[in-house]
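Below is the file upload.txt, which contains compact mmCIF, C-alpha atoms and all ligand atoms.
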# COMPACT_ATOMS: atom_id res chain seq x y z
CA MET F 65 103.44 83.68 136.97
CA THR F 66 105.68 85.41 134.49
CA SER F 67 109.36 85.44 135.25
CA PRO F 68 111.07 88.85 135.15
CA GLN F 69 112.91 87.60 132.06
CA ASP F 70 109.75 87.12 130.03
CA PRO F 71 110.56 89.08 126.83
CA ARG F 72 106.99 90.36 126.83
CA ASP F 73 107.75 92.40 129.94
CA LEU F 74 110.27 94.58 128.10
CA ILE F 75 107.92 94.89 125.12
CA ARG F 76 105.04 95.97 127.39
CA GLN F 77 107.29 98.45 129.16
CA HIS F 78 108.29 99.88 125.76
CA ASP F 79 104.66 100.03 124.71
CA GLU F 80 103.76 102.07 127.80
CA GLU F 81 106.71 104.35 127.21
CA ALA F 82 105.71 104.85 123.57
CA GLN F 83 102.10 105.49 124.53
CA ALA F 84 103.15 108.29 126.87
CA VAL F 85 105.22 109.96 124.13
CA GLU F 86 102.34 109.46 121.69
CA ASP F 87 99.86 111.11 124.08
CA GLN F 88 102.22 114.06 124.35
CA ALA F 89 102.46 114.27 120.57
CA VAL F 90 98.67 114.25 120.23
CA ALA F 91 98.32 116.98 122.86
CA GLU F 92 100.84 119.08 120.99
CA VAL F 93 99.11 118.66 117.63
CA VAL F 94 95.44 118.73 118.67
CA GLY F 95 95.61 120.74 121.90
CA PRO F 96 95.45 124.21 120.29
CA LEU F 97 92.49 123.18 118.12
CA GLU F 98 90.61 121.74 121.10
CA ALA F 99 91.28 124.90 123.11
CA ALA F 100 89.95 127.02 120.23
CA PHE F 101 86.75 124.96 120.08
CA THR F 102 86.23 125.08 123.84
CA ALA F 103 86.49 128.88 123.72
CA LEU F 104 84.15 128.96 120.72
CA TRP F 105 81.48 126.87 122.46
CA ARG F 106 81.60 129.13 125.49
CA TRP F 107 81.23 132.17 123.27
CA VAL F 108 78.21 130.69 121.47
CA LEU F 109 76.44 129.79 124.73
CA ARG F 110 77.05 133.24 126.20
CA THR F 111 76.05 135.10 123.07
CA TRP F 112 72.92 133.01 122.58
CA ALA F 113 71.77 133.66 126.13
CA ARG F 114 72.30 137.38 125.66
CA LEU F 115 70.53 137.63 122.28
CA PHE F 116 67.79 134.98 122.48
CA GLY F 117 67.47 133.85 126.07
CA ALA F 118 66.50 130.19 126.51
CA PRO F 119 68.29 127.54 124.38
CA LYS F 120 64.97 126.27 123.00
CA SER F 121 63.71 129.67 121.81
CA PRO F 122 64.03 129.72 118.02
CA ALA F 123 66.00 132.49 116.41
CA GLU F 124 65.79 133.90 112.93
CA GLY F 125 66.36 136.99 110.84
CA GLU F 126 69.07 139.56 111.37
CA PRO F 127 70.06 138.65 114.97
CA LEU F 128 70.62 134.97 113.98
CA ARG F 129 72.45 136.01 110.80
CA SER F 130 74.94 138.17 112.67
CA LEU F 131 75.57 135.44 115.26
CA LEU F 132 76.20 132.89 112.51
CA ASP F 133 78.46 135.25 110.52
CA GLU F 134 80.59 135.84 113.59
CA LEU F 135 80.67 132.11 114.41
CA VAL F 136 81.72 131.19 110.87
CA ALA F 137 84.42 133.86 110.88
CA ARG F 138 85.77 132.42 114.13
CA ILE F 139 85.77 128.85 112.77
CA VAL F 140 87.53 129.87 109.55
CA GLY F 141 89.95 131.93 111.63
CA ILE F 142 91.09 128.89 113.62
CA GLY F 143 93.87 128.48 111.05
CA LEU F 144 94.80 124.83 110.99
CA ASP F 145 98.44 124.12 110.20
CA PRO F 146 99.69 121.07 112.08
CA VAL F 147 101.78 119.51 109.27
CA ASP F 148 105.18 120.46 110.74
CA ALA F 149 104.24 119.25 114.22
CA LEU F 150 102.94 115.96 112.82
CA LEU F 151 106.12 115.41 110.82
CA ALA F 152 108.33 116.23 113.80
CA ASN F 153 106.43 113.75 115.97
CA ALA F 154 106.64 111.08 113.28
CA GLN F 155 110.42 111.51 113.21
CA ARG F 156 110.52 111.37 117.02
CA ALA F 157 108.49 108.13 116.90
CA ARG F 158 110.91 106.62 114.42
CA LEU F 159 113.88 107.42 116.63
CA LEU F 160 112.08 106.00 119.67
CA GLY F 161 111.28 102.81 117.73
CA ALA F 162 114.92 102.39 116.69
CA ASP F 163 115.98 102.85 120.32
CA GLN F 164 113.40 100.42 121.69
CA GLY F 165 114.07 97.89 118.92
CA ALA F 166 117.80 98.07 119.67
CA ARG F 167 117.15 97.37 123.36
CA GLU F 168 114.82 94.48 122.49
CA ALA F 169 117.44 93.03 120.13
CA GLY F 170 120.33 93.61 122.55
CA LEU F 171 122.07 95.91 120.04
CA PRO F 172 124.76 97.98 121.78
CA VAL F 173 124.37 100.98 119.45
CA LEU F 174 121.44 102.91 118.09
CA PRO F 175 120.81 102.02 114.44
CA ASP F 176 120.17 104.72 111.83
CA PRO F 177 116.41 105.24 112.13
CA GLY F 178 116.13 106.75 108.63
CA GLU F 179 113.71 109.42 107.43
CA VAL F 180 109.93 109.52 107.78
CA SER F 181 108.43 107.36 105.02
CA ASP F 182 106.56 108.71 101.99
CA GLU F 183 103.46 106.79 103.09
CA THR F 184 103.47 108.63 106.41
CA LYS F 185 104.01 112.00 104.72
CA ALA F 186 101.06 111.26 102.41
CA ALA F 187 98.91 110.14 105.36
CA ILE F 188 99.69 113.38 107.21
CA GLU F 189 98.76 115.49 104.19
CA ARG F 190 95.56 113.51 103.70
CA GLY F 191 94.57 113.82 107.36
CA VAL F 192 95.19 117.55 107.51
CA ARG F 193 93.30 118.17 104.26
CA TRP F 194 90.36 116.15 105.57
CA ALA F 195 90.35 118.08 108.85
CA GLN F 196 90.37 121.36 106.94
CA GLN F 197 87.43 120.16 104.86
CA LYS F 198 85.46 119.45 108.04
CA LEU F 199 86.02 123.01 109.21
CA GLU F 200 84.80 124.31 105.86
CA THR F 201 81.78 121.99 105.73
CA GLY F 202 80.80 122.99 109.26
CA ALA F 203 81.06 126.66 108.34
CA GLU F 204 78.95 126.16 105.18
CA GLU F 205 76.25 124.27 107.07
CA LEU F 206 76.03 127.04 109.64
CA GLN F 207 75.76 129.66 106.94
CA ALA F 208 72.81 127.82 105.37
CA LEU F 209 70.65 128.15 108.51
CA ALA F 210 67.66 130.51 108.18
CA GLU F 211 66.15 129.74 111.58
CA ALA F 212 67.34 127.58 114.41
CA ASP F 213 67.44 126.92 118.13
CA LEU F 214 70.71 126.60 120.02
CA ASP F 215 70.82 122.80 119.60
CA GLU F 216 70.69 123.10 115.85
CA VAL F 217 73.51 125.67 115.81
CA LEU F 218 75.71 123.48 118.01
CA LYS F 219 74.91 120.40 115.94
CA ARG F 220 76.16 122.07 112.78
CA ALA F 221 79.19 123.53 114.53
CA SER F 222 80.02 119.99 115.69
CA VAL F 223 80.70 119.03 112.09
CA ALA F 224 83.62 121.46 112.19
CA ARG F 225 84.71 120.05 115.51
CA GLN F 226 85.22 116.62 113.87
CA ALA F 227 88.46 118.12 112.54
CA SER F 228 89.86 117.53 115.99
CA ALA F 229 89.03 113.79 115.99
CA ILE F 230 90.49 113.41 112.51
CA LEU F 231 93.74 115.06 113.53
CA THR F 232 93.95 112.93 116.66
CA ARG F 233 93.59 109.78 114.59
CA THR F 234 96.15 110.99 112.06
CA ALA F 235 98.63 111.81 114.82
CA ARG F 236 98.23 108.41 116.49
CA THR F 237 98.33 106.32 113.34
CA THR F 238 101.36 108.05 111.82
CA PHE F 239 103.16 107.94 115.18
CA ASN F 240 102.68 104.17 115.42
CA ALA F 241 103.59 103.56 111.80
CA GLU F 242 106.91 105.36 112.30
CA LEU F 243 107.55 103.74 115.69
CA ASN F 244 107.35 100.36 113.98
CA GLU F 245 109.53 101.57 111.11
CA GLY F 246 112.17 102.45 113.72
CA ILE F 247 111.92 98.94 115.19
CA ARG F 248 112.28 97.58 111.66
CA ALA F 249 115.55 99.54 111.31
CA ALA F 250 116.81 97.89 114.51
CA ALA F 251 115.88 94.45 113.18
CA LYS F 252 117.72 95.17 109.94
CA ALA F 253 120.83 96.34 111.82
CA SER F 254 120.88 93.28 114.07
CA GLY F 255 120.10 90.67 111.41
CA ALA F 256 116.83 89.79 113.13
CA ARG F 257 113.42 88.99 111.71
CA LEU F 258 110.24 90.77 112.78
CA LEU F 259 107.61 89.32 115.10
CA TRP F 260 104.08 90.79 115.39
CA VAL F 261 103.01 91.42 118.99
CA ALA F 262 99.31 92.23 119.43
CA GLU F 263 97.65 93.54 122.56
CA ARG F 264 95.57 90.86 124.26
CA ASP F 265 92.42 92.88 123.58
CA ALA F 266 93.31 93.52 119.93
CA CYS F 267 90.72 93.04 117.17
CA VAL F 268 90.11 89.73 115.35
CA ASP F 269 92.37 90.78 112.46
CA CYS F 270 95.29 91.87 114.64
CA LEU F 271 95.07 88.86 116.97
CA ALA F 272 95.49 86.63 113.91
CA GLN F 273 98.77 88.43 113.12
CA SER F 274 100.12 88.03 116.65
CA GLY F 275 103.04 85.59 116.70
CA GLN F 276 103.61 85.78 112.93
CA VAL F 277 107.21 86.28 111.80
CA ILE F 278 108.52 87.90 108.60
CA ASP F 279 111.90 89.00 107.26
CA TRP F 280 112.73 92.55 108.33
CA ASP F 281 111.88 93.78 104.80
CA GLY F 282 108.97 91.39 104.30
CA GLU F 283 105.21 91.68 104.56
CA PHE F 284 102.54 90.07 106.69
CA ASP F 285 99.62 88.28 105.05
CA PRO F 286 96.76 90.83 105.14
CA ALA F 287 94.11 88.12 104.71
CA ARG F 288 94.79 86.54 108.09
CA THR F 289 91.92 86.92 110.60
CA PHE F 290 89.93 85.11 113.29
CA GLY F 291 86.86 86.76 111.77
CA THR F 292 85.03 85.93 108.59
CA LYS F 293 86.97 88.25 106.33
CA ALA F 294 89.93 90.51 107.09
CA HIS F 295 89.62 94.24 106.46
CA VAL F 296 92.06 95.09 103.72
CA PHE F 297 93.09 98.75 103.69
CA HIS F 298 95.67 98.40 100.99
CA GLY F 299 97.31 95.38 99.44
CA LEU F 300 100.52 95.42 101.47
CA LEU F 301 100.87 94.90 105.18
CA LYS F 302 104.40 95.88 106.22
CA GLY F 303 103.36 95.81 109.87
CA PRO F 304 101.27 97.62 112.47
CA PRO F 305 99.27 99.78 112.70
CA ARG F 306 96.76 97.50 111.01
CA HIS F 307 93.97 100.11 111.33
CA PRO F 308 93.38 103.49 113.04
CA ASN F 309 94.05 103.28 116.78
CA CYS F 310 95.84 99.91 116.43
CA ARG F 311 98.28 99.42 119.32
CA CYS F 312 100.12 96.40 117.93
CA ARG F 313 103.87 96.50 117.47
CA VAL F 314 106.67 94.43 116.04
CA THR F 315 109.79 93.26 117.83
CA PRO F 316 113.13 91.91 116.52
CA TRP F 317 113.14 88.12 116.67
CA PHE F 318 116.16 85.79 116.41
CA GLY F 319 114.38 82.47 116.66
CA HIS F 320 113.67 80.05 119.42
CA ASP F 321 116.98 78.70 120.69
CA THR F 322 116.95 75.82 123.16
CA GLU F 323 120.62 75.11 122.54
CA GLY F 324 121.49 78.66 123.55
CA ALA F 325 119.29 78.28 126.61
CA GLU F 326 121.16 75.13 127.63
CA GLY F 327 124.48 76.95 127.15
CA ILE F 328 123.40 79.67 129.55
CA THR F 329 122.25 77.10 132.07
CA HIS F 330 125.51 75.23 131.74
CA ASP F 331 127.55 78.36 132.60
CA TRP F 332 125.38 78.84 135.63
CA ALA F 333 125.89 75.20 136.63
CA GLU F 334 129.58 76.01 136.92
CA ALA F 335 128.82 79.03 139.13
CA ILE F 336 126.48 77.00 141.33
CA ARG F 337 129.13 74.26 141.81
CA GLU F 338 131.83 76.79 142.72
CA ALA F 339 129.57 78.52 145.24
CA GLU F 340 128.70 75.18 146.82
CA GLU F 341 132.39 74.23 147.05
CA ARG F 342 133.04 77.50 148.88
CA GLY F 343 130.16 76.67 151.20
CA ASP F 344 128.40 79.81 150.01
CA ALA F 345 124.73 78.79 150.31
CA VAL F 346 123.38 82.27 149.55
CA GLY F 347 125.54 82.59 146.42
CA ALA F 348 124.53 79.11 145.23
CA ALA F 349 120.84 79.92 145.67
CA ALA F 350 121.23 83.20 143.77
CA ALA F 351 123.04 81.40 140.93
CA ARG F 352 120.28 78.78 140.80
CA ARG F 353 117.63 81.48 140.53
CA ALA F 354 119.60 83.27 137.79
CA ALA F 355 120.04 80.00 135.89
CA ALA F 356 116.31 79.33 135.97
CA ALA F 357 115.52 82.84 134.74
CA ALA F 358 118.10 82.69 131.94
CA ARG F 359 116.81 79.31 130.80
CA ALA F 360 113.21 80.52 130.86
CA SER F 361 114.09 83.62 128.85
CA ALA F 362 116.15 82.01 126.10
CA ALA F 363 113.84 79.04 125.87
CA VAL F 364 110.65 81.07 125.42
CA ASP F 365 109.16 80.36 122.04
CA LEU F 366 107.65 83.81 121.86
CA PRO F 367 105.80 83.38 118.52
CA GLU F 368 104.08 80.29 119.89
CA VAL F 369 103.28 82.00 123.18
CA LEU F 370 101.72 84.92 121.29
CA ARG F 371 99.66 82.71 118.98
CA ARG F 372 98.35 80.79 121.96
CA GLU F 373 97.62 84.03 123.81
CA ALA F 374 95.68 85.29 120.78
CA GLU F 375 93.54 82.14 120.65
CA ARG F 376 92.90 82.41 124.35
CA SER F 377 91.78 86.03 123.85
CA ILE F 378 89.31 84.90 121.18
CA LEU F 379 87.86 82.14 123.38
CA ASN F 380 87.68 84.41 126.42
CA GLY F 381 86.28 87.35 124.47
CA TYR F 382 89.04 89.76 125.52
CA ALA F 383 88.29 92.87 123.49
CA LEU F 384 87.93 96.61 123.54
CA PRO F 385 84.37 97.94 123.92
CA SER F 386 84.69 99.31 120.38
CA GLU F 387 84.67 95.84 118.84
CA SER F 388 81.38 94.20 117.88
CA GLU F 389 80.30 91.37 120.21
CA ARG F 390 78.68 89.59 117.27
CA VAL F 391 82.00 89.52 115.41
CA ARG F 392 83.73 88.15 118.49
CA ALA F 393 81.08 85.51 119.16
CA ARG F 394 81.35 84.33 115.58
CA ALA F 395 85.17 84.24 115.81
CA ALA F 396 85.03 82.20 119.04
CA ASN F 397 82.55 79.82 117.45
CA ARG F 398 84.74 79.38 114.41
CA LEU F 399 87.86 78.76 116.49
CA LEU F 400 86.00 76.18 118.60
CA SER F 401 84.97 74.30 115.48
CA LEU F 402 88.62 74.26 114.32
CA ILE F 403 89.69 72.90 117.71
CA GLY F 404 87.09 70.14 117.52
CA ASP F 405 85.85 67.80 120.23
CA GLY F 406 88.45 65.06 120.53
CA LYS F 407 90.21 64.54 123.84
CA ASN F 408 93.60 65.43 122.35
CA SER F 409 92.35 67.96 119.84
CA ARG F 410 94.52 71.01 119.43
CA SER F 411 94.04 74.61 118.40
CA PRO F 412 95.36 75.82 115.01
CA SER F 413 98.56 76.98 116.75
CA GLY F 414 99.08 73.52 118.22
CA TRP F 415 97.91 74.20 121.76
CA ARG F 416 95.84 71.75 123.79
CA VAL F 417 93.09 74.07 124.97
CA PRO F 418 92.12 73.53 128.64
CA ALA F 419 88.65 72.00 128.96
CA SER F 420 87.55 74.82 131.28
CA VAL F 421 88.33 77.50 128.66
CA LYS F 422 86.55 75.52 125.95
CA LYS F 423 83.51 74.69 128.08
CA ARG F 424 83.01 78.27 129.19
CA ALA F 425 83.03 79.55 125.61
CA GLU F 426 80.81 76.72 124.33
CA ARG F 427 78.25 77.24 127.07
CA ALA F 428 78.10 80.99 126.55
CA LEU F 429 77.76 80.61 122.80
CA SER F 430 74.99 78.03 123.00
CA LYS F 431 73.06 80.16 125.49
CA GLY F 432 73.65 83.30 123.43
CA THR F 433 75.40 84.99 126.34
CA PHE F 434 78.91 85.23 124.90
CA THR F 435 80.10 88.73 125.74
CA THR F 436 83.38 90.53 125.33
CA ARG F 437 85.27 91.73 128.37
CA SER F 438 88.46 93.55 129.21
CA VAL F 439 91.72 91.72 129.90
CA PRO F 440 91.97 90.89 133.62
CA THR F 441 94.36 93.36 135.25
CA GLY F 442 97.59 92.28 136.85
CA ARG F 443 98.39 89.96 133.97
CA LYS F 444 98.00 92.14 130.90
ZN ZN J 501 96.47 95.97 116.00
For the structure just supplied, provide its representation as structure tokens.
Amino acid sequence: MTSPQDPRDLIRQHDEEAQAVEDQAVAEVVGPLEAAFTALWRWVLRTWARLFGAPKSPAEGEPLRSLLDELVARIVGIGLDPVDALLANAQRARLLGADQGAREAGLPVLPDPGEVSDETKAAIERGVRWAQQKLETGAEELQALAEADLDEVLKRASVARQASAILTRTARTTFNAELNEGIRAAAKASGARLLWVAERDACVDCLAQSGQVIDWDGEFDPARTFGTKAHVFHGLLKGPPRHPNCRCRVTPWFGHDTEGAEGITHDWAEAIREAEERGDAVGAAAARRAAAAARASAAVDLPEVLRREAERSILNGYALPSESERVRARAANRLLSLIGDGKNSRSPSGWRVPASVKKRAERALSKGTFTTRSVPTGRK
């Protein structure tokens, strides 16, 4: 059971909110391109049927040439210019991050989110150039065809269509980079540090970052991983996204404060006593519930909770279908060997792993049946 004051609840709520804005941003950037391709595909299918009949009947010569010329002209004519939309969405993400970070830090005012970073601007330019190259390559490959059936034509046209996937990835990655930059601005303004919060089904590299804390202007250690070797994209790791489609985020972190938690409880003790003196049983019960929630919230050692959650994800194989099961099996095996066999043996984060969790992983690994699975719903 998580109490409503679990700080992860607000972070998850912010993540969902950000994801919705991100989806909108992607639709805005990639939507027109996708619509153009859908229309193009329909045109090819119709025209092929009219000129050559069945999809399998091979075409060549002048009829094929004129179809391909028209197709290439349409691909080149798509006119790809999403830079402004990408930049605008990056700025929107930064503002959203500053707002969410301020709420997570309890800041009463919105901090200055700052301008989109040079890294993001460069990433946008790179992504758009790459997408444009795909359109050109697709067009060239189509032009080189001397004879073909419909499958072959569509296969080569699909190279151009990869532009859409590249733009989607660029939009998502730059959005998340700027969202986290906004949260960083909130941490700076509130004098907080930054805590990495991974999704429970994050990859072996990201799970190893979960629960790590840095100064607001610091860097995470890029070599950290539950796997054999961390992917290093560039030397520095200012924060998420760790890789394309990474859904990790940072949150402002003030430290684990049991004294503060006791202070809150003490104030509530006063309220409970007063209510009892008045004979107000309902008020006393409400104050008791509030005291428990306040204590739970302030006393949560969130970095430790996250590190433990990450280790649990490794042992349970919580992962996205896109991650290799072999990598996850190896990571679970490695973590088990670090935990060891003693009765009081602990995980690297200091957690006494329940025997049932350990046994399940050990059995699956020794039988070769260790598989990844999605995070159980209801307790994400
Ligand atoms: Zn991640």
Surrounding residues of region 378-390 of chain F excluding itself and chain neighbours under 2 positions, 12 Å, all atoms listed in the file, as a short mmCIF file (atom, residue, chain, number, x, y, z; two decimals) with C-alpha atoms, in the frame of the given file:
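New file result.cif:
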data_model
loop_
_atom_site.label_atom_id
_atom_site.label_comp_id
_atom_site.auth_asym_id
_atom_site.auth_seq_id
_atom_site.Cartn_x
_atom_site.Cartn_y
_atom_site.Cartn_z
CA ALA F 262 99.31 92.23 119.43
CA GLU F 263 97.65 93.54 122.56
CA ARG F 264 95.57 90.86 124.26
CA ASP F 265 92.42 92.88 123.58
CA ALA F 266 93.31 93.52 119.93
CA CYS F 267 90.72 93.04 117.17
CA VAL F 268 90.11 89.73 115.35
CA ASP F 269 92.37 90.78 112.46
CA CYS F 270 95.29 91.87 114.64
CA LEU F 271 95.07 88.86 116.97
CA ALA F 272 95.49 86.63 113.91
CA THR F 289 91.92 86.92 110.60
CA PHE F 290 89.93 85.11 113.29
CA GLY F 291 86.86 86.76 111.77
CA THR F 292 85.03 85.93 108.59
CA ASN F 309 94.05 103.28 116.78
CA CYS F 310 95.84 99.91 116.43
CA ARG F 311 98.28 99.42 119.32
CA ARG F 371 99.66 82.71 118.98
CA ARG F 372 98.35 80.79 121.96
CA GLU F 373 97.62 84.03 123.81
CA ALA F 374 95.68 85.29 120.78
CA GLU F 375 93.54 82.14 120.65
CA ARG F 376 92.90 82.41 124.35
CA ARG F 392 83.73 88.15 118.49
CA ALA F 393 81.08 85.51 119.16
CA ARG F 394 81.35 84.33 115.58
CA ALA F 395 85.17 84.24 115.81
CA ALA F 396 85.03 82.20 119.04
CA ASN F 397 82.55 79.82 117.45
CA ARG F 398 84.74 79.38 114.41
CA LEU F 399 87.86 78.76 116.49
CA LEU F 400 86.00 76.18 118.60
CA SER F 401 84.97 74.30 115.48
CA ILE F 403 89.69 72.90 117.71
CA SER F 411 94.04 74.61 118.40
CA VAL F 417 93.09 74.07 124.97
CA PRO F 418 92.12 73.53 128.64
CA ALA F 419 88.65 72.00 128.96
CA SER F 420 87.55 74.82 131.28
CA VAL F 421 88.33 77.50 128.66
CA LYS F 422 86.55 75.52 125.95
CA LYS F 423 83.51 74.69 128.08
CA ARG F 424 83.01 78.27 129.19
CA ALA F 425 83.03 79.55 125.61
CA GLU F 426 80.81 76.72 124.33
CA ARG F 427 78.25 77.24 127.07
CA ALA F 428 78.10 80.99 126.55
CA LEU F 429 77.76 80.61 122.80
CA GLY F 432 73.65 83.30 123.43
CA THR F 433 75.40 84.99 126.34
CA PHE F 434 78.91 85.23 124.90
CA THR F 435 80.10 88.73 125.74
CA THR F 436 83.38 90.53 125.33
CA ARG F 437 85.27 91.73 128.37
CA SER F 438 88.46 93.55 129.21
CA VAL F 439 91.72 91.72 129.90
CA PRO F 440 91.97 90.89 133.62
CA THR F 441 94.36 93.36 135.25
CA LYS F 444 98.00 92.14 130.90
#
Here is a test: counting only C-alpha atoms, which residue of F:Leu104, F:Leu74, F:Ala212, F:Ile142 is nearest to Lys120 (chain F)? F:Ala212
Which of these residues is nearest to ligand ZN 501 (chain J), using only C-alpha atoms and all ligand atoms: F:Leu301, F:Ala208, F:Ala169, F:Ile230?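 Ranked by minimum distance to ligand ZN 501 (chain J), first place goes to F:Leu301.
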CA of Gln276 (chain F) and CA of His320 (chain F), how far apart in Å?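 CA of His320 (chain F) sits 13.3 Å away from CA of Gln276 (chain F).
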Residue nearest ligand ZN 501 (chain J) - candidates F:Val108, F:Glu283, F:Asn244, F:Asn408, atoms counted: all atoms listed in the file: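 Smallest separation from ligand ZN 501 (chain J) among the options: F:Asn244.
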Selection near region 161-163 of chain F, 7 Å with all atoms listed in the file, sequence-local residues under 6 positions removed, as number ranges by chain: F: 174-175, 177, 243-247, 249-250
Have a look at F:Pro412, F:Pro286, F:Gly347, F:Pro304 and name the one nearest to ligand ZN 501 (chain J); count all atoms listed in the file. F:Pro304
Spatial neighbours of Val217 (chain F), 9 Å, all atoms listed in the file, chain gap at least 6 places, as a PyMOL selection string: chain F and resi 108+132+206+209
Take the point (101.9, 114.1, 112.4) in the file's coordinates, draw a sphere of radius 7 Å around it, and report as a PyMOL selection string every protein, DNA or RNA residue with an atom inside or on it, counting all atoms listed in the file. chain F and resi 147+149-154+188+234-235+238-239
Rank nothing, just name the residue among F:Leu131, F:Ala166, F:Leu366, F:Ile139 nearest to Ser222 (chain F), using all atoms listed in the file.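 Answer, going by the shortest atom-to-atom distance: F:Ile139.
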In Å, with one decimal, what is the gap from CA of Pro119 (chain F) to CA of Leu135 (chain F)?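 Taking CA of Pro119 (chain F) and CA of Leu135 (chain F), their separation equals 16.5 Å.
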Which residue gives the smallest distance to ligand ZN 501 (chain J) among F:Arg233, F:Arg76, F:Arg306, F:Lys219, with all atoms listed in the file counted?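 Among the listed residues, F:Arg306 lies closest to ligand ZN 501 (chain J).
Straight-line separation from CA of Ala241 (chain F) to CA of Gly191 (chain F): 14.4 Å.
At a cut-off of 9 Å from (84.6, 127.7, 109.0), the residue set is F:Leu135, F:Val136, F:Ala137, F:Arg138, F:Ile139, F:Val140, F:Gly141, F:Ile142, F:Gln196, F:Lys198, F:Leu199, F:Glu200, F:Thr201, F:Gly202, F:Ala203, F:Glu204, F:Leu206, F:Ala221, F:Ala224 (counting all atoms listed in the file).
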To box region 302-321 of chain F, take all atoms listed in the file, fit an axis-aligned box, add 6 Å on each side, and give centre and edge lengths in Å to one decimal, as JSON.
{"center_x": 105.2, "center_y": 91.1, "center_z": 113.5, "size_x": 35.6, "size_y": 36.8, "size_z": 26.5}
